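Chemist: The structure file my_file32.cif (mmCIF, C-alpha atoms and all ligand atoms) is provided below.
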data_my_file
loop_
_atom_site.group_PDB
_atom_site.id
_atom_site.type_symbol
_atom_site.label_atom_id
_atom_site.label_comp_id
_atom_site.auth_asym_id
_atom_site.auth_seq_id
_atom_site.Cartn_x
_atom_site.Cartn_y
_atom_site.Cartn_z
ATOM 1 C CA MET A 8 311.730 -5.687 189.726
ATOM 2 C CA GLY A 9 312.806 -7.426 186.521
ATOM 3 C CA LYS A 10 310.335 -10.249 187.050
ATOM 4 C CA TYR A 11 307.512 -7.807 187.520
ATOM 5 C CA LEU A 12 308.263 -6.124 184.211
ATOM 6 C CA ILE A 13 308.207 -9.398 182.266
ATOM 7 C CA ILE A 14 304.775 -10.258 183.606
ATOM 8 C CA LEU A 15 303.433 -6.895 182.459
ATOM 9 C CA MET A 16 304.827 -7.294 178.966
ATOM 10 C CA CYS A 17 303.362 -10.791 178.617
ATOM 11 C CA SER A 18 299.863 -9.730 179.536
ATOM 12 C CA ALA A 19 299.998 -6.799 177.121
ATOM 13 C CA ARG A 20 301.151 -9.051 174.290
ATOM 14 C CA ILE A 21 298.321 -11.555 174.838
ATOM 15 C CA GLY A 22 295.689 -8.793 175.001
ATOM 16 C CA GLU A 23 296.727 -7.122 171.771
ATOM 17 C CA ASN A 24 297.666 -9.957 169.485
ATOM 18 C CA ASP A 25 296.855 -13.451 170.673
ATOM 19 C CA LEU A 26 293.570 -13.189 172.529
ATOM 20 C CA LYS A 27 290.687 -13.332 170.070
ATOM 21 C CA LYS A 28 287.471 -11.874 171.392
ATOM 22 C CA ILE A 29 284.071 -13.366 170.703
ATOM 23 C CA PRO A 30 282.415 -10.699 168.562
ATOM 24 C CA TYR A 31 279.077 -8.993 169.046
ATOM 25 C CA PHE A 32 276.205 -9.827 166.737
ATOM 26 C CA CYS A 33 273.087 -7.856 165.923
ATOM 27 C CA THR A 34 270.059 -9.199 167.823
ATOM 28 C CA ASN A 35 267.963 -8.893 164.683
ATOM 29 C CA CYS A 36 270.014 -9.740 161.588
ATOM 30 C CA ALA A 37 272.875 -11.575 163.354
ATOM 31 C CA LYS A 38 275.469 -9.537 161.431
ATOM 32 C CA GLU A 39 278.796 -9.116 163.241
ATOM 33 C CA VAL A 40 279.182 -5.709 164.864
ATOM 34 C CA PRO A 41 282.871 -4.680 165.085
ATOM 35 C CA SER A 42 282.758 -3.174 168.578
ATOM 36 C CA LEU A 43 280.503 -2.593 171.518
ATOM 37 C CA GLU A 44 280.435 1.141 170.718
ATOM 38 C CA LYS A 45 278.813 0.339 167.369
ATOM 39 C CA LEU A 46 275.955 -1.605 168.970
ATOM 40 C CA LEU A 47 272.683 0.292 169.370
ATOM 41 C CA PHE A 48 270.598 -0.265 172.482
ATOM 42 C CA VAL A 49 267.076 0.932 173.218
ATOM 43 C CA GLU A 50 266.784 -0.369 176.770
ATOM 44 C CA SER A 51 268.944 -0.016 179.844
ATOM 45 C CA ASN A 52 270.117 -3.220 181.551
ATOM 46 C CA ASN A 53 269.278 -5.248 178.505
ATOM 47 C CA THR A 54 271.543 -7.251 176.205
ATOM 48 C CA LYS A 55 269.577 -6.660 173.003
ATOM 49 C CA GLY A 56 271.980 -4.737 170.752
ATOM 50 C CA PHE A 57 271.400 -3.812 167.120
ATOM 51 C CA CYS A 58 273.551 -2.956 164.091
ATOM 52 C CA SER A 59 271.215 -0.294 162.694
ATOM 53 C CA GLU A 60 268.002 1.679 163.161
ATOM 54 C CA SER A 61 266.264 -0.495 160.586
ATOM 55 C CA CYS A 62 267.143 -3.646 162.539
ATOM 56 C CA ILE A 63 265.616 -2.036 165.641
ATOM 57 C CA MET A 64 262.424 -1.378 163.701
ATOM 58 C CA ASP A 65 262.406 -4.914 162.297
ATOM 59 C CA PHE A 66 262.919 -6.510 165.656
ATOM 60 C CA TYR A 67 260.202 -4.546 167.425
ATOM 61 C CA LYS A 68 257.702 -4.776 164.554
ATOM 62 C CA PRO A 69 255.702 -7.635 166.149
ATOM 63 C CA TYR A 70 255.351 -5.584 169.356
ATOM 64 C CA MET A 71 254.203 -2.552 167.377
ATOM 65 C CA ASN A 72 251.747 -4.666 165.399
ATOM 66 C CA PHE A 73 250.384 -6.128 168.592
ATOM 67 C CA LEU A 74 249.715 -2.654 170.007
ATOM 68 C CA SER A 75 248.052 -1.415 166.802
ATOM 69 C CA HIS A 76 245.857 -4.469 166.778
ATOM 70 C CA TYR A 77 245.112 -3.988 170.477
ATOM 71 C CA GLU A 78 243.871 -0.486 169.738
ATOM 72 C CA ILE A 79 241.558 -1.720 166.976
ATOM 73 C CA THR A 80 240.009 -4.445 169.118
ATOM 74 C CA LYS A 81 239.663 -2.085 172.107
ATOM 75 C CA ARG A 82 237.846 0.484 169.975
ATOM 76 C CA GLU A 83 235.523 -2.252 168.750
ATOM 77 C CA SER A 84 234.802 -3.719 172.153
ATOM 78 C CA LEU A 85 234.177 -0.264 173.654
ATOM 79 C CA ASP A 86 232.014 0.616 170.664
ATOM 80 C CA LEU A 87 233.784 3.945 170.132
ATOM 81 C CA ALA A 88 232.767 6.154 167.245
ATOM 82 C CA GLN A 89 235.295 6.915 164.506
ATOM 83 C CA GLU A 90 237.702 9.709 165.458
ATOM 84 C CA ASP A 91 239.588 12.356 163.572
ATOM 85 C CA SER A 92 243.003 11.302 162.330
ATOM 86 C CA TYR A 93 244.587 14.100 164.460
ATOM 87 C CA ILE A 94 247.474 14.381 161.999
ATOM 88 C CA ASP A 95 248.319 17.876 163.311
ATOM 89 C CA ILE A 96 248.829 16.492 166.827
ATOM 90 C CA TYR A 97 250.804 13.413 165.761
ATOM 91 C CA SER A 98 253.152 15.558 163.711
ATOM 92 C CA ASP A 99 253.673 18.224 166.377
ATOM 93 C CA GLY A 100 257.161 17.659 167.762
ATOM 94 C CA THR A 101 256.611 19.988 170.716
ATOM 95 C CA LEU A 102 253.580 18.028 171.857
ATOM 96 C CA LEU A 103 255.428 14.739 171.486
ATOM 97 C CA ASP A 104 258.235 16.182 173.561
ATOM 98 C CA GLU A 105 255.743 17.001 176.319
ATOM 99 C CA VAL A 106 254.396 13.446 176.312
ATOM 100 C CA LEU A 107 257.952 12.096 176.466
ATOM 101 C CA ASN A 108 259.402 14.436 179.051
ATOM 102 C CA GLY A 109 256.505 15.888 181.026
ATOM 103 C CA PRO A 110 253.609 13.428 181.029
ATOM 104 C CA ASP A 111 250.677 13.794 183.422
ATOM 105 C CA GLU A 112 250.844 10.105 184.011
ATOM 106 C CA LYS A 113 253.555 7.471 183.657
ATOM 107 C CA LEU A 114 252.988 3.773 184.175
ATOM 108 C CA GLU A 115 255.621 1.075 184.059
ATOM 109 C CA PHE A 116 255.331 -2.609 183.345
ATOM 110 C CA GLU A 117 258.081 -5.190 183.646
ATOM 111 C CA ASN A 118 257.450 -8.634 182.204
ATOM 112 C CA ASP A 119 258.783 -11.892 183.622
ATOM 113 C CA ILE A 120 262.051 -11.680 181.672
ATOM 114 C CA GLY A 121 262.821 -8.104 182.723
ATOM 115 C CA ASP A 122 261.685 -6.167 179.633
ATOM 116 C CA LYS A 123 260.296 -2.824 180.701
ATOM 117 C CA TYR A 124 257.520 -0.924 178.978
ATOM 118 C CA PHE A 125 256.422 2.586 179.818
ATOM 119 C CA PHE A 126 253.032 4.131 179.147
ATOM 120 C CA GLN A 127 252.953 7.947 179.244
ATOM 121 C CA VAL A 128 249.923 10.148 178.863
ATOM 122 C CA LYS A 129 249.555 13.874 178.400
ATOM 123 C CA TYR A 130 246.136 15.450 178.545
ATOM 124 C CA LEU A 131 245.892 18.362 176.097
ATOM 125 C CA VAL A 132 243.532 20.597 178.046
ATOM 126 C CA ASN A 133 242.698 23.073 175.267
ATOM 127 C CA ARG A 134 241.866 20.254 172.828
ATOM 128 C CA ASN A 135 240.222 17.961 175.397
ATOM 129 C CA ILE A 136 242.309 15.128 174.026
ATOM 130 C CA TYR A 137 244.774 12.528 175.313
ATOM 131 C CA PHE A 138 248.153 11.981 173.700
ATOM 132 C CA ALA A 139 249.823 8.779 174.870
ATOM 133 C CA ILE A 140 252.877 6.720 173.985
ATOM 134 C CA ILE A 141 254.352 3.354 174.866
ATOM 135 C CA CYS A 142 258.142 3.461 174.959
ATOM 136 C CA THR A 143 261.369 2.066 176.352
ATOM 137 C CA TYR A 144 263.954 3.930 178.414
ATOM 138 C CA TYR A 145 267.697 4.048 177.963
ATOM 139 C CA ASN A 146 269.845 5.881 180.527
ATOM 140 C CA GLU A 147 266.840 7.592 182.154
ATOM 141 C CA ASP A 148 265.512 8.936 178.841
ATOM 142 C CA PRO A 149 262.727 7.639 176.609
ATOM 143 C CA SER A 150 264.512 5.907 173.737
ATOM 144 C CA PHE A 151 262.234 3.870 171.513
ATOM 145 C CA ILE A 152 258.556 4.559 170.860
ATOM 146 C CA TYR A 153 256.515 1.441 170.186
ATOM 147 C CA PHE A 154 253.248 3.178 169.815
ATOM 148 C CA LYS A 155 251.499 6.543 169.771
ATOM 149 C CA ILE A 156 247.849 7.213 170.266
ATOM 150 C CA VAL A 157 245.769 10.381 170.194
ATOM 151 C CA THR A 158 242.184 10.064 171.350
ATOM 152 C CA LYS A 159 239.365 11.943 173.021
ATOM 153 C CA TYR A 160 238.202 8.724 174.714
ATOM 154 C CA SER A 161 239.433 8.227 178.271
ATOM 155 C CA GLU A 162 238.033 4.652 178.071
ATOM 156 C CA LEU A 163 240.552 3.862 175.349
ATOM 157 C CA ILE A 164 243.380 5.250 177.455
ATOM 158 C CA ASP A 165 242.109 3.137 180.363
ATOM 159 C CA GLY A 166 242.064 0.166 177.991
ATOM 160 C CA PHE A 167 245.793 0.602 177.394
ATOM 161 C CA LYS A 168 246.413 0.972 181.107
ATOM 162 C CA GLU A 169 245.132 -2.580 181.525
ATOM 163 C CA LEU A 170 248.408 -3.674 179.927
ATOM 164 C CA PHE A 171 250.187 -1.853 182.733
ATOM 165 C CA SER A 172 247.877 -2.945 185.527
ATOM 166 C CA LYS A 173 250.688 -3.661 187.971
ATOM 167 C CA THR A 174 250.929 -0.026 188.975
ATOM 168 C CA GLU A 175 247.647 1.267 187.704
ATOM 169 C CA ASP A 176 245.713 1.256 190.972
ATOM 170 C CA ARG A 177 247.856 3.701 192.809
ATOM 171 C CA SER A 178 249.380 5.955 190.209
ATOM 172 C CA SER A 179 246.641 6.964 187.869
ATOM 173 C CA PHE A 180 246.578 10.727 187.424
ATOM 174 C CA GLN A 181 244.036 12.363 185.220
ATOM 175 C CA HIS A 182 242.530 15.735 184.588
ATOM 176 C CA ILE A 183 238.806 15.486 185.093
ATOM 177 C CA ASP A 184 235.963 17.932 185.217
ATOM 178 C CA ILE A 185 234.311 17.657 188.589
ATOM 179 C CA PRO A 186 230.664 18.697 188.907
ATOM 180 C CA GLU A 187 229.934 21.713 191.138
ATOM 181 C CA ASP A 188 228.063 19.799 193.855
ATOM 182 C CA VAL A 189 230.892 17.252 194.182
ATOM 183 C CA LEU A 190 233.400 20.073 194.312
ATOM 184 C CA ALA A 191 231.513 21.706 197.181
ATOM 185 C CA GLN A 192 231.679 18.423 199.109
ATOM 186 C CA VAL A 193 235.407 18.142 198.408
ATOM 187 C CA ASN A 194 236.081 21.691 199.593
ATOM 188 C CA LEU A 195 234.172 21.093 202.812
ATOM 189 C CA LYS A 196 236.235 17.969 203.544
ATOM 190 C CA LYS A 197 239.413 19.902 202.730
ATOM 191 C CA SER A 198 238.743 22.604 205.291
ATOM 192 C CA GLU A 199 237.628 20.080 207.921
ATOM 193 C CA GLN A 200 240.811 18.046 207.507
ATOM 194 C CA LEU A 201 243.057 21.099 207.447
ATOM 195 C CA ALA A 202 241.507 22.362 210.698
ATOM 196 C CA LEU A 203 242.101 18.949 212.297
ATOM 197 C CA LEU A 204 245.720 18.900 211.124
ATOM 198 C CA LEU A 205 246.443 22.370 212.524
ATOM 199 C CA GLU A 206 244.930 21.280 215.842
ATOM 200 C CA ARG A 207 247.079 18.141 215.997
ATOM 201 C CA LYS A 208 250.327 19.622 214.699
ATOM 202 C CA ALA A 209 253.190 20.139 217.145
ATOM 203 C CA THR A 210 254.900 23.541 217.056
ATOM 204 C CA SER A 211 258.249 21.773 216.533
ATOM 205 C CA ASP A 212 256.997 20.142 213.330
ATOM 206 C CA ILE A 213 257.495 21.550 209.788
ATOM 207 C CA ASP A 214 255.861 24.998 209.514
ATOM 208 C CA PHE A 215 252.518 25.201 207.757
ATOM 209 C CA GLU A 216 253.943 28.117 205.721
ATOM 210 C CA LYS A 217 256.583 25.761 204.311
ATOM 211 C CA PHE A 218 254.158 23.052 203.165
ATOM 212 C CA ALA A 219 254.157 24.355 199.577
ATOM 213 C CA LEU A 220 257.904 23.686 199.351
ATOM 214 C CA TYR A 221 257.063 19.989 199.660
ATOM 215 C CA ASP A 222 254.402 19.829 196.927
ATOM 216 C CA ASP A 223 256.722 17.789 194.701
ATOM 217 C CA TYR A 224 256.310 14.881 197.107
ATOM 218 C CA ILE A 225 252.581 14.465 196.397
ATOM 219 C CA LYS A 226 253.042 12.482 193.206
ATOM 220 C CA PRO A 227 255.784 10.097 194.428
ATOM 221 C CA THR A 228 253.752 9.466 197.577
ATOM 222 C CA LEU A 229 250.713 8.476 195.531
ATOM 223 C CA GLU A 230 252.739 6.504 193.024
ATOM 224 C CA ASP A 231 254.831 4.506 195.436
ATOM 225 C CA ALA A 232 253.485 4.816 198.973
ATOM 226 C CA ASP A 233 255.077 2.875 201.824
ATOM 227 C CA GLU A 234 251.647 2.524 203.376
ATOM 228 C CA VAL A 235 248.065 3.009 202.205
ATOM 229 C CA TYR A 236 245.083 3.078 204.565
ATOM 230 C CA GLU A 237 241.394 3.261 203.850
ATOM 231 C CA TYR A 238 238.398 3.989 206.073
ATOM 232 C CA GLU A 239 234.915 5.367 206.013
ATOM 233 C CA ASP A 240 234.448 8.684 207.754
ATOM 234 C CA ASP A 241 231.406 9.848 209.754
ATOM 235 C CA SER A 242 229.547 10.802 206.584
ATOM 236 C CA MET A 243 230.217 7.332 205.073
ATOM 237 C CA ASP A 244 232.716 8.711 202.575
ATOM 238 C CA THR A 245 235.727 6.570 201.733
ATOM 239 C CA ILE A 246 239.014 8.185 202.683
ATOM 240 C CA ALA A 247 242.351 6.740 201.527
ATOM 241 C CA THR A 248 245.600 7.898 203.098
ATOM 242 C CA TYR A 249 248.972 7.438 201.365
ATOM 243 C CA ILE A 250 252.128 7.756 203.442
ATOM 244 C CA LYS A 251 255.753 7.655 202.328
ATOM 245 C CA SER A 252 259.093 8.391 204.011
ATOM 246 C CA PHE A 253 261.608 10.701 202.386
ATOM 247 C CA LYS A 254 264.960 12.289 203.059
ATOM 248 C CA LYS A 255 265.581 15.851 201.902
ATOM 249 C CA GLN A 256 269.116 17.020 202.502
ATOM 250 C CA ASP A 257 269.557 15.885 206.108
ATOM 251 C CA LEU A 258 265.904 15.940 207.046
ATOM 252 C CA ASN A 259 264.026 12.668 207.423
ATOM 253 C CA PHE A 260 260.317 13.215 207.084
ATOM 254 C CA TYR A 261 257.212 11.467 205.893
ATOM 255 C CA TYR A 262 254.618 12.786 203.502
ATOM 256 C CA VAL A 263 250.877 12.240 203.787
ATOM 257 C CA VAL A 264 248.316 12.474 200.985
ATOM 258 C CA MET A 265 244.746 12.019 202.134
ATOM 259 C CA CYS A 266 242.241 11.416 199.351
ATOM 260 C CA LEU A 267 238.481 11.395 199.159
ATOM 261 C CA GLN A 268 236.892 8.785 196.914
ATOM 262 C CA ILE A 269 234.218 10.341 194.756
ATOM 263 C CA ASP A 270 231.691 8.790 192.425
ATOM 264 C CA PHE A 271 230.007 10.992 189.899
ATOM 265 C CA ASN A 272 228.481 10.990 186.436
ATOM 266 C CA ASP A 273 229.674 12.941 183.469
ATOM 267 C CA GLN A 274 228.663 12.789 179.805
ATOM 268 C CA LYS A 275 230.648 9.567 179.413
ATOM 269 C CA GLY A 276 228.960 7.735 182.275
ATOM 270 C CA SER A 277 229.793 6.993 185.905
ATOM 271 C CA LYS A 278 233.279 7.715 187.169
ATOM 272 C CA ARG A 279 235.233 7.020 190.307
ATOM 273 C CA ALA A 280 238.190 9.145 191.349
ATOM 274 C CA MET A 281 240.474 9.760 194.311
ATOM 275 C CA LEU A 282 240.888 13.445 195.052
ATOM 276 C CA PRO A 283 243.598 14.725 197.367
ATOM 277 C CA ILE A 284 241.997 16.703 200.201
ATOM 278 C CA LEU A 285 244.967 17.052 202.516
ATOM 279 C CA THR A 286 248.691 16.896 201.786
ATOM 280 C CA PHE A 287 251.504 17.638 204.205
ATOM 281 C CA PRO A 288 255.044 16.729 205.305
ATOM 282 C CA SER A 289 255.869 15.933 208.918
ATOM 283 C CA ILE A 290 258.710 14.839 211.159
ATOM 284 C CA ASP A 291 256.402 14.042 214.076
ATOM 285 C CA ASN A 292 255.818 10.345 214.821
ATOM 286 C CA GLU A 293 252.867 11.132 217.067
ATOM 287 C CA LEU A 294 251.071 12.959 214.296
ATOM 288 C CA TYR A 295 251.618 9.894 212.114
ATOM 289 C CA THR A 296 249.338 7.802 214.356
ATOM 290 C CA PHE A 297 246.371 10.045 213.478
ATOM 291 C CA TYR A 298 246.772 9.285 209.775
ATOM 292 C CA ALA A 299 247.941 5.661 209.691
ATOM 293 C CA VAL A 300 244.398 4.526 210.473
ATOM 294 C CA GLY A 301 241.886 2.230 208.808
ATOM 295 C CA LYS A 302 242.343 -0.897 206.754
ATOM 296 C CA SER A 303 245.910 -1.272 205.557
ATOM 297 C CA LEU A 304 245.939 -1.813 201.779
ATOM 298 C CA ASN A 305 249.608 -1.916 201.095
ATOM 299 C CA THR A 306 252.648 -2.192 203.314
ATOM 300 C CA LYS A 307 256.069 -2.338 201.768
ATOM 301 C CA ILE A 308 258.807 -4.022 203.712
ATOM 302 C CA LYS A 309 261.127 -1.247 204.721
ATOM 303 C CA ASN A 310 264.812 -1.536 205.468
HETATM 304 ZN ZN ZN A 401 271.186 -5.929 162.193
#
Could you rewrite the structure in this file as structure tokens?
Ligand SMILES: [Zn+2]
Modeler:
Amino acid sequence: MGKYLIILMCSARIGENDLKKIPYFCTNCAKEVPSLEKLLFVESNNTKGFCSESCIMDFYKPYMNFLSHYEITKRESLDLAQEDSYIDIYSDGTLLDEVLNGPDEKLEFENDIGDKYFFQVKYLVNRNIYFAIICTYYNEDPSFIYFKIVTKYSELIDGFKELFSKTEDRSSFQHIDIPEDVLAQVNLKKSEQLALLLERKATSDIDFEKFALYDDYIKPTLEDADEVYEYEDDSMDTIATYIKSFKKQDLNFYYVVMCLQIDFNDQKGSKRAMLPILTFPSIDNELYTFYAVGKSLNTKIKN
């Protein structure tokens, strides 16, 4: 008992008085920062810590300059006409909050040393304009904004997505105006596919009436599918099917998003888009075999 006490006292004495810790230094100005709590971070899982807001700005200046310059050269190469300065949009805190916390589209890029960049876009329907940002995340929240852009040109937004091309192919969501004739074709395919599904569906599977409760799974399925298949249907249309497994409470199910590839022209030229025509959850492995058909484009290794 006595021996045990002495050991405790020794370790406390070393910790408080004798053991000198190697201090923290600001990543930018190299000034000593008295404690970890005083260090400012803008990225999770990253050791870059700063002494002040101004050091953060200083450090990231080259990145911000790069992005500004990228915008200028993109506008030139795309031959885009001069735009408004959109000062009212840039200075609207509510709009910025929507881009940060409720974007229509969010792309992520991680470079070879683990730095993560996020590109978020909100389409302002009533203004027919895109508001996008490039930012970092700290503890699940956007923390530092490298760059903001407001533009009416979807080509410019696409130009920025090239920097985030790793995930671009599968997770690009946009609001687009679809011409009437294309829409008619889409609606026809929708009803055909829904009729087929209802024919194939087992009575023990998730009720059709409950499908809407699973709508939140559409986006994650498209963004990060376990499997993607593509085939041409009888009318030579390209159909892509995205499938992903989920667990909701104790229910294991998979979610299917079937999309029709459409090509059409609008005032800005020819466009290609994938439009969801059938979305549903299922627990039935037999039903799965009807939808996991065609050329496999992506198969993640599953545990
Ligand atoms: Zn500093």
Chemist: Do a neighbour search on range 91-93 of chain A at 12 Å with all atoms listed in the file, toss out local chain neighbours closer than 3 positions, and write the hits as a list in words.
Modeler: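 The residues that qualify are Ala88, Ile96, Tyr97, Ser98, Asp99, Arg134, Ile136, Tyr137, Phe138, Lys155, Ile156, Val157, Thr158, Lys159 and Tyr160 of chain A.
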Chemist: Can I get the residues of chain A within 7 Å of ligand ZN 401 (chain A), each with the closest pair of atoms and their distance in Å to one decimal, using all atoms listed in the file, sorted chain first then ascending number, as JSON lines?
Modeler:
{"residue": "A:Cys33", "atom": "CA", "partner": "A:ZN401", "partner_atom": "ZN", "distance": 4.6}
{"residue": "A:Thr34", "atom": "CA", "partner": "A:ZN401", "partner_atom": "ZN", "distance": 6.6}
{"residue": "A:Asn35", "atom": "CA", "partner": "A:ZN401", "partner_atom": "ZN", "distance": 5.0}
{"residue": "A:Cys36", "atom": "CA", "partner": "A:ZN401", "partner_atom": "ZN", "distance": 4.0}
{"residue": "A:Ala37", "atom": "CA", "partner": "A:ZN401", "partner_atom": "ZN", "distance": 6.0}
{"residue": "A:Lys38", "atom": "CA", "partner": "A:ZN401", "partner_atom": "ZN", "distance": 5.7}
{"residue": "A:Phe57", "atom": "CA", "partner": "A:ZN401", "partner_atom": "ZN", "distance": 5.4}
{"residue": "A:Cys58", "atom": "CA", "partner": "A:ZN401", "partner_atom": "ZN", "distance": 4.2}
{"residue": "A:Ser59", "atom": "CA", "partner": "A:ZN401", "partner_atom": "ZN", "distance": 5.7}
{"residue": "A:Cys62", "atom": "CA", "partner": "A:ZN401", "partner_atom": "ZN", "distance": 4.7}
Chemist: For the provided coordinates, the residues matched by the PyMOL selection byres (((chain A and resi 196) around 12) and not hetatm) should be stated as a tab-separated table (two decimals) with C-alpha atoms, keeping the file's coordinate frame.
Modeler:
chain	number	residue	atom	x	y	z
A	189	VAL	CA	230.89	17.25	194.18
A	190	LEU	CA	233.40	20.07	194.31
A	191	ALA	CA	231.51	21.71	197.18
A	192	GLN	CA	231.68	18.42	199.11
A	193	VAL	CA	235.41	18.14	198.41
A	194	ASN	CA	236.08	21.69	199.59
A	195	LEU	CA	234.17	21.09	202.81
A	197	LYS	CA	239.41	19.90	202.73
A	198	SER	CA	238.74	22.60	205.29
A	199	GLU	CA	237.63	20.08	207.92
A	200	GLN	CA	240.81	18.05	207.51
A	201	LEU	CA	243.06	21.10	207.45
A	202	ALA	CA	241.51	22.36	210.70
A	203	LEU	CA	242.10	18.95	212.30
A	240	ASP	CA	234.45	8.68	207.75
A	241	ASP	CA	231.41	9.85	209.75
A	242	SER	CA	229.55	10.80	206.58
A	244	ASP	CA	232.72	8.71	202.58
A	245	THR	CA	235.73	6.57	201.73
A	246	ILE	CA	239.01	8.18	202.68
A	265	MET	CA	244.75	12.02	202.13
A	266	CYS	CA	242.24	11.42	199.35
A	267	LEU	CA	238.48	11.40	199.16
A	268	GLN	CA	236.89	8.78	196.91
A	269	ILE	CA	234.22	10.34	194.76
A	282	LEU	CA	240.89	13.44	195.05
A	283	PRO	CA	243.60	14.72	197.37
A	284	ILE	CA	242.00	16.70	200.20
A	285	LEU	CA	244.97	17.05	202.52
Chemist: Using only C-alpha atoms, which of A:Arg279, A:Lys254, A:Arg207, A:Lys81 sits nearest Ile185 in chain A?
Modeler: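 Counting only C-alpha atoms, the residue closest to Ile185 in chain A is A:Arg279.
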Chemist: I'd like the interatomic distance between CA of Ala299 in chain A and CA of Tyr236 in chain A, to a tenth of an Å.
Modeler: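 CA of Tyr236 in chain A lies at a distance of 6.4 Å from CA of Ala299 in chain A.
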Chemist: Could you check the closest approach to Lys55 in chain A for each of A:Gly121, A:Gln89, A:Leu107, A:Arg82 and tell me which residue wins, using only C-alpha atoms?
Modeler: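 Looking at the shortest contact to Lys55 in chain A, the residue is A:Gly121.
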Chemist: Run through the PyMOL selection byres (((chain A and resi 225) around 8) and not hetatm) on the given coordinates and return the selected residues as a PyMOL selection string.
Modeler: chain A and resi 221-224+226-229+262-264+286
Chemist: Counting all atoms listed in the file, figure out which residue out of A:Phe215, A:Tyr145, A:Phe151, A:Phe253 gets nearest to Phe287 in chain A.
Modeler: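 Using all atoms listed in the file, Phe287 in chain A sits closest to A:Phe215.
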Chemist: Report the distance between CA of Lys45 in chain A and CA of Phe126 in chain A in Å, rounded to one decimal place.
Modeler: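 So the two atoms, CA of Lys45 in chain A and CA of Phe126 in chain A, lie 28.6 Å apart.
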Chemist: With the PyMOL selection byres (((chain A and resi 66-72) around 8) and not hetatm) as the selection, what would be picked from this file? Answer as a VMD selection string, please.
Modeler: chain A and resid 34 to 35 62 to 65 73 to 76 153 to 154
Chemist: Quick one: distance from CA of Phe171 in chain A to CA of Asp148 in chain A in Å, one decimal?
Modeler: 19.1 Å
Chemist: Would you please work out which residue, of A:Ile29, A:Ala247, A:Ile120, A:Leu87, is nearest to Thr54 in chain A when using all atoms listed in the file?
Modeler: A:Ile120
Chemist: May I have the protein, DNA and RNA residues with any atom at most 9 Å from the point (258.8, 10.2, 174.2), counting all atoms listed in the file, written as a list in words?
Modeler: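 Selection result: Leu103, Asp104, Glu105, Val106, Leu107, Asn108, Gln127, Ile140, Ile141, Cys142, Thr143, Asp148, Pro149, Ser150, Phe151 and Ile152 of chain A.
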Chemist: Of the candidates A:Gly56, A:Pro288, A:Pro41, A:Pro186, which shows the shortest atom-to-atom distance to Asp212 in chain A, using only C-alpha atoms?
Modeler: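 Residue with the minimum atom-to-atom distance to Asp212 in chain A: A:Pro288.
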Chemist: Of the candidates A:Val128, A:Leu114, A:Ile79, A:Ala280, which shows the shortest atom-to-atom distance to Glu230 in chain A, using all atoms listed in the file?
Modeler: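 Ranked by minimum distance to Glu230 in chain A, first place goes to A:Leu114.
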Chemist: Missing atoms in range 246-257 of chain A should be modelled up to N, CA and C atoms and reported as a short mmCIF file (atom, residue, chain, number, x, y, z; two decimals), in the coordinates of the input.
Modeler:
data_model
loop_
_atom_site.label_atom_id
_atom_site.label_comp_id
_atom_site.auth_asym_id
_atom_site.auth_seq_id
_atom_site.Cartn_x
_atom_site.Cartn_y
_atom_site.Cartn_z
N ILE A 246 237.79 7.38 202.63
CA ILE A 246 239.01 8.18 202.68
C ILE A 246 240.21 7.24 202.55
N ALA A 247 241.12 7.54 201.65
CA ALA A 247 242.35 6.74 201.53
C ALA A 247 243.54 7.63 201.87
N THR A 248 244.44 7.12 202.68
CA THR A 248 245.60 7.90 203.10
C THR A 248 246.88 7.21 202.64
N TYR A 249 247.70 7.95 201.89
CA TYR A 249 248.97 7.44 201.36
C TYR A 249 250.11 8.07 202.16
N ILE A 250 251.02 7.23 202.64
CA ILE A 250 252.13 7.76 203.44
C ILE A 250 253.46 7.21 202.90
N LYS A 251 254.43 8.10 202.81
CA LYS A 251 255.75 7.66 202.33
C LYS A 251 256.87 8.43 203.04
N SER A 252 257.94 7.74 203.36
CA SER A 252 259.09 8.39 204.01
C SER A 252 260.05 8.94 202.97
N PHE A 253 260.65 10.08 203.29
CA PHE A 253 261.61 10.70 202.39
C PHE A 253 262.78 11.25 203.18
N LYS A 254 263.84 11.57 202.46
CA LYS A 254 264.96 12.29 203.06
C LYS A 254 265.28 13.45 202.14
N LYS A 255 265.25 14.67 202.69
CA LYS A 255 265.58 15.85 201.90
C LYS A 255 266.76 16.52 202.59
N GLN A 256 267.85 16.64 201.87
CA GLN A 256 269.12 17.02 202.50
C GLN A 256 269.32 16.15 203.75
N ASP A 257 269.35 16.74 204.94
CA ASP A 257 269.56 15.88 206.11
C ASP A 257 268.27 15.62 206.88
#
